[in-house]
Amino acid sequence: MPDVAIGLWAIPLAVLGGAIRVSTPFLFVSLGECITERSGRINLGLEGTLVMGAMCAYGTSFLTGSPWLGVLAAGVAGSLLGALHASICGLPRVNDIAVGIALMLLGTGLAFFLGKPLIEPSAPILPSINFGFWTDIPQLRDVLQINVLFLIGIALAPALVWALKTTRWGLILRTAGESADAARAMGYSVNAIRLRATMTGGFLSGIGGSFLSLVYPGSWNEGLSSGQGITAVALVIFARWNPMMCFWASLLFGGAAALGPALQSVGVSQGYHLFNAAPYILTLLIMIITCSPKRSLVGAPAELSITR
Amino acid sequence: MALERFSGAAEYVLIPTLAVALSLFLFGIFVALFGKNPLDLYFYMYQGAFGSWFSWQNTLTRAAPLILTALCTALPAQLGMVIIGGEGALLVGALSATAAALVMPAAPPVLVQITMAIAGMAGGGLWIALAGSLRHYRGVNETISSLLLVSIALAVLNHLVEGPMRDPTSLNKPSTAAIGAANMIGSIPGTDIHWGLIFGIVAAILAYILIYHTVFGFAARIAGGNIRAAKIVGLPVGRLILITCFLAGAAAGLAGMVEVAAVQGRTNANLAVGYGFTGILVAFLARHNPLAIIPVAILLGGIGASGGLLQRRLGLPDASVLVLQGIIFVTVLASDSLYGRFRFSARKET
């Protein structure tokens, strides 16, 4: 179908489409990190988890022909990395931020190592649902090709808000995050709670990675993730550890990340790289505006080392 | 007393050595899973890193930027800050140094080289000082901000070398204009190792003196140990943070200048090969001690240097170096929990 001339409307449309497409990895990683951080520990290694998830998903999809098995494999790989993080952090005198940096390196290295043979072949990718059947404008149709993972993410955010607030599991998790002593006094093992929270976080981040290789851009190569993982960790701080806010923030960041390609599509190629850096600049600006040296952040789990 | 001090020092050598040995063992198992002989692996790693004068030169050339980028993490660590943005400071340093060389085409080489070093250090220093000031004035976590600044530095570099600063004759690999053969800093006489190694060693020694033998370093370590106590006794915490971060970034910026003035001769995306990230590992492995950084950087430089041989002889992907680095990093951090447990056995040995 030929493009209909819609002039400058192409930019907001492309940004909107980009926001929906690009935001999914942000959404999954930030929801996962949200769970981990609410338990009182920070996992900076999710960048590595994201790349590892992307590689595992692509490889599994290529070998089995089923992209959904790929998503599952990505989740499992992510939770294994999460388990590694949690078990090292459970040792005395180990700094969780440093372990996160180490796992960022290890996850990326492992993914590049194992993924070397996957750069050439093409694997089956995940289907999208076409919500644009009512319109004749092809650009709008493109925007409304919405992926199933995005829809799962939308459902997951309010579900997590509810689970953290009302379920027994959520209460125990938050207790470990607010006061490890209180959790211990209630007879729970703080390390076991955080192990589960970090594994769950890793599972979701792995799925976020599977989106990169199985939906958009939809292939595996070593430049697949350009710091979405670490941006998502910062995004959780901006979202005040609230899953629903994570969702809105992910959309915002997805839109920012889509700005460069959107401008390029209408012929603005000057400063392409600078526009591509928009999410990082936005993250930094938001952190500058919302953080304060005088008080601790509203909503921050008290046990979290990053908000000292 | 003396005995305890000895066993304490022995721990700082023994535990990281054990951790690296364990990592090499684990990496051997890892490659064995892919049908490679671990003994071949160790042999080629040794050959590629330290087996000949040629490999030694390769190793030491790689160690030079690693010493400097490791200082970028180790100096702020004295204040309890985790800065992981050395790669960004390196890129900004390289850009500033190149720009400085390009605006003074007719100047004598010595003057150009000195200006490049100053520009590189200033650029990198301001870049990390930015992360430090955001931490101090706005409470922004310096680990995340310094990592975001890496991505921003890379975007700025790509923008400049493909746009305003592009040399029109660089077709496949967009680059800035060359700084000119006369302005290259060259090699240590009798070797192929460039002067960057000497810069690195001198910087590490200066950093050691600064931290352990000056009032400034003493104050910084107090602030790192207990920031509230430091504030109560009236230490200028903000100034300590800003100056330390500036010096840290200046070291990484100097690494960028060295890579331009001794290796690449110009600025392009080739500079972003991860020296900044390996530097973080070097700093943690050296437990943020500037003197320990020198041998650790040589070790990690050796691992990097052996990567090519592993690729050619064993058919391992180039990412195997990254995997080994990751394993070392994880093992070293896990070994942090061992400190203080060897005291008794160490006493028995002596």
# chains A, B, ... in the order shown; residues from 1 in each chain; ligands from 1
>>> select_by_dssp(residues="stretch 104-153 of chain A", states="helix (DSSP H, G or I)", output="VMD selection string")
chain A and resid 104 to 118 138 to 143 148 to 153
>>> write_last_selection(atoms="C-alpha atoms", output="mmCIF file, in the first residue's frame")
data_model
loop_
_atom_site.group_PDB
_atom_site.id
_atom_site.type_symbol
_atom_site.label_atom_id
_atom_site.label_comp_id
_atom_site.auth_asym_id
_atom_site.auth_seq_id
_atom_site.Cartn_x
_atom_site.Cartn_y
_atom_site.Cartn_z
ATOM 1 C CA MET A 104 25.809 -6.424 33.156
ATOM 2 C CA LEU A 105 29.235 -7.433 31.806
ATOM 3 C CA LEU A 106 28.707 -11.172 32.220
ATOM 4 C CA GLY A 107 25.214 -11.214 30.694
ATOM 5 C CA THR A 108 26.282 -9.180 27.675
ATOM 6 C CA GLY A 109 29.420 -11.294 27.213
ATOM 7 C CA LEU A 110 27.536 -14.588 27.455
ATOM 8 C CA ALA A 111 24.869 -13.379 25.046
ATOM 9 C CA PHE A 112 27.460 -12.259 22.479
ATOM 10 C CA PHE A 113 29.402 -15.495 22.909
ATOM 11 C CA LEU A 114 26.427 -17.824 22.581
ATOM 12 C CA GLY A 115 24.646 -15.660 20.034
ATOM 13 C CA LYS A 116 27.480 -15.563 17.500
ATOM 14 C CA PRO A 117 25.879 -18.233 15.246
ATOM 15 C CA LEU A 118 22.477 -16.501 15.464
ATOM 16 C CA PRO A 138 -1.314 3.036 6.006
ATOM 17 C CA GLN A 139 0.778 5.005 8.506
ATOM 18 C CA LEU A 140 -2.030 4.763 11.045
ATOM 19 C CA ARG A 141 -2.391 1.067 10.311
ATOM 20 C CA ASP A 142 1.302 0.630 11.034
ATOM 21 C CA VAL A 143 0.888 2.380 14.359
ATOM 22 C CA VAL A 148 0.688 -9.150 22.184
ATOM 23 C CA LEU A 149 3.581 -8.616 24.606
ATOM 24 C CA PHE A 150 2.659 -4.931 24.869
ATOM 25 C CA LEU A 151 -0.907 -5.905 25.775
ATOM 26 C CA ILE A 152 0.378 -8.343 28.396
ATOM 27 C CA GLY A 153 2.512 -5.540 29.786
#
>>> interface_residues(of="chain B", to="chain A", cutoff="8 Å", atoms="only C-alpha atoms", output="PyMOL selection string")
chain B and resi 134-141+144-145+147-149+151-152+155-156+158-159+163+281+317-327+329-330+333-334+336-337
>>> residues_around(residues="A:Ile11", least_positions_apart="5", cutoff="9 Å", atoms="only C-alpha atoms", output="MDAnalysis selection string")
chainID A and resid 16 259 262:263 265:266
>>> residues_around(residues="B:Asp192", least_positions_apart="2", cutoff="12 Å", atoms="only C-alpha atoms", output="number ranges by chain")
B: 53-62, 185-190, 194-197, 262-263
>>> atom_distance(atom1="atom CA of B:Ser96", atom2="atom CA of B:Phe246")
15.1 Å
>>> atom_distance(atom1="atom CA of B:Glu142", atom2="atom CA of B:Ala122")
19.4 Å
>>> residues_around(residues="A:Val51", least_positions_apart="4", cutoff="9 Å", atoms="only C-alpha atoms", output="CSV table (one decimal) with C-alpha atoms, in the first residue's frame")
chain,number,residue,atom,x,y,z
A,46,LEU,CA,19.2,-5.9,33.9
A,47,GLU,CA,21.0,-4.5,30.9
A,55,MET,CA,19.6,-13.9,22.5
A,56,CYS,CA,17.9,-16.8,24.2
A,107,GLY,CA,25.2,-11.2,30.7
A,108,THR,CA,26.3,-9.2,27.7
A,111,ALA,CA,24.9,-13.4,25.0
A,112,PHE,CA,27.5,-12.3,22.5
A,206,GLY,CA,14.3,-11.4,30.0
A,209,GLY,CA,14.7,-8.7,25.9
A,210,SER,CA,12.7,-11.2,23.9
A,212,LEU,CA,13.8,-6.8,21.1
A,222,GLU,CA,25.2,-7.3,19.1
A,224,LEU,CA,20.5,-4.7,19.7
A,225,SER,CA,20.2,-3.0,23.1
A,229,GLY,CA,18.1,-1.8,30.5
>>> residues_around(residues="A:Gly177", least_positions_apart="2", cutoff="8 Å", atoms="only C-alpha atoms", output="short mmCIF file (atom, residue, chain, number, x, y, z; two decimals) with N, CA and C atoms, in the first residue's frame")
data_model
loop_
_atom_site.label_atom_id
_atom_site.label_comp_id
_atom_site.auth_asym_id
_atom_site.auth_seq_id
_atom_site.Cartn_x
_atom_site.Cartn_y
_atom_site.Cartn_z
N GLU A 37 13.26 -3.94 43.45
CA GLU A 37 13.60 -2.83 44.34
C GLU A 37 12.63 -2.72 45.51
N ARG A 38 11.38 -3.11 45.31
CA ARG A 38 10.44 -3.06 46.43
C ARG A 38 10.84 -4.05 47.51
N SER A 39 11.64 -5.07 47.14
CA SER A 39 12.10 -6.01 48.16
C SER A 39 13.37 -5.51 48.83
N GLY A 40 13.86 -4.32 48.42
CA GLY A 40 15.00 -3.73 49.11
C GLY A 40 16.33 -3.99 48.47
N ARG A 41 16.33 -4.44 47.23
CA ARG A 41 17.61 -4.65 46.58
C ARG A 41 17.55 -4.09 45.16
N LEU A 173 6.81 -8.93 50.66
CA LEU A 173 7.82 -8.31 49.82
C LEU A 173 8.11 -6.89 50.28
N ARG A 174 7.05 -6.12 50.53
CA ARG A 174 7.25 -4.73 50.92
C ARG A 174 7.87 -4.63 52.31
N THR A 175 7.51 -5.58 53.18
CA THR A 175 8.12 -5.57 54.51
C THR A 175 9.64 -5.73 54.40
N SER A 179 11.83 -2.74 55.96
CA SER A 179 12.61 -3.02 57.16
C SER A 179 12.94 -4.49 57.21
N ALA A 180 14.19 -4.80 56.91
CA ALA A 180 14.62 -6.19 56.91
C ALA A 180 14.44 -6.79 58.30
N PRO A 301 11.66 2.46 48.85
CA PRO A 301 11.81 1.44 49.89
C PRO A 301 13.00 1.80 50.79
N ALA A 302 12.80 1.73 52.10
CA ALA A 302 13.80 2.25 53.02
C ALA A 302 15.10 1.45 53.00
N GLU A 303 15.04 0.18 52.60
CA GLU A 303 16.24 -0.66 52.63
C GLU A 303 17.11 -0.47 51.39
N LEU A 304 16.65 0.34 50.42
CA LEU A 304 17.32 0.41 49.13
C LEU A 304 18.62 1.19 49.24
#
>>> closest_residue(among="B:Leu41, B:Leu90, B:Ile193, B:Ala261", to="B:Ala181", atoms="only C-alpha atoms")
B:Ala261
>>> closest_residue(among="A:Thr49, A:Gly254, A:Ala183, A:Ile35", to="A:Gly202", atoms="only C-alpha atoms")
A:Thr49
>>> residues_around(residues="stretch 278-280 of chain B", least_positions_apart="6", cutoff="10 Å", atoms="only C-alpha atoms", output="count of residues only")
34
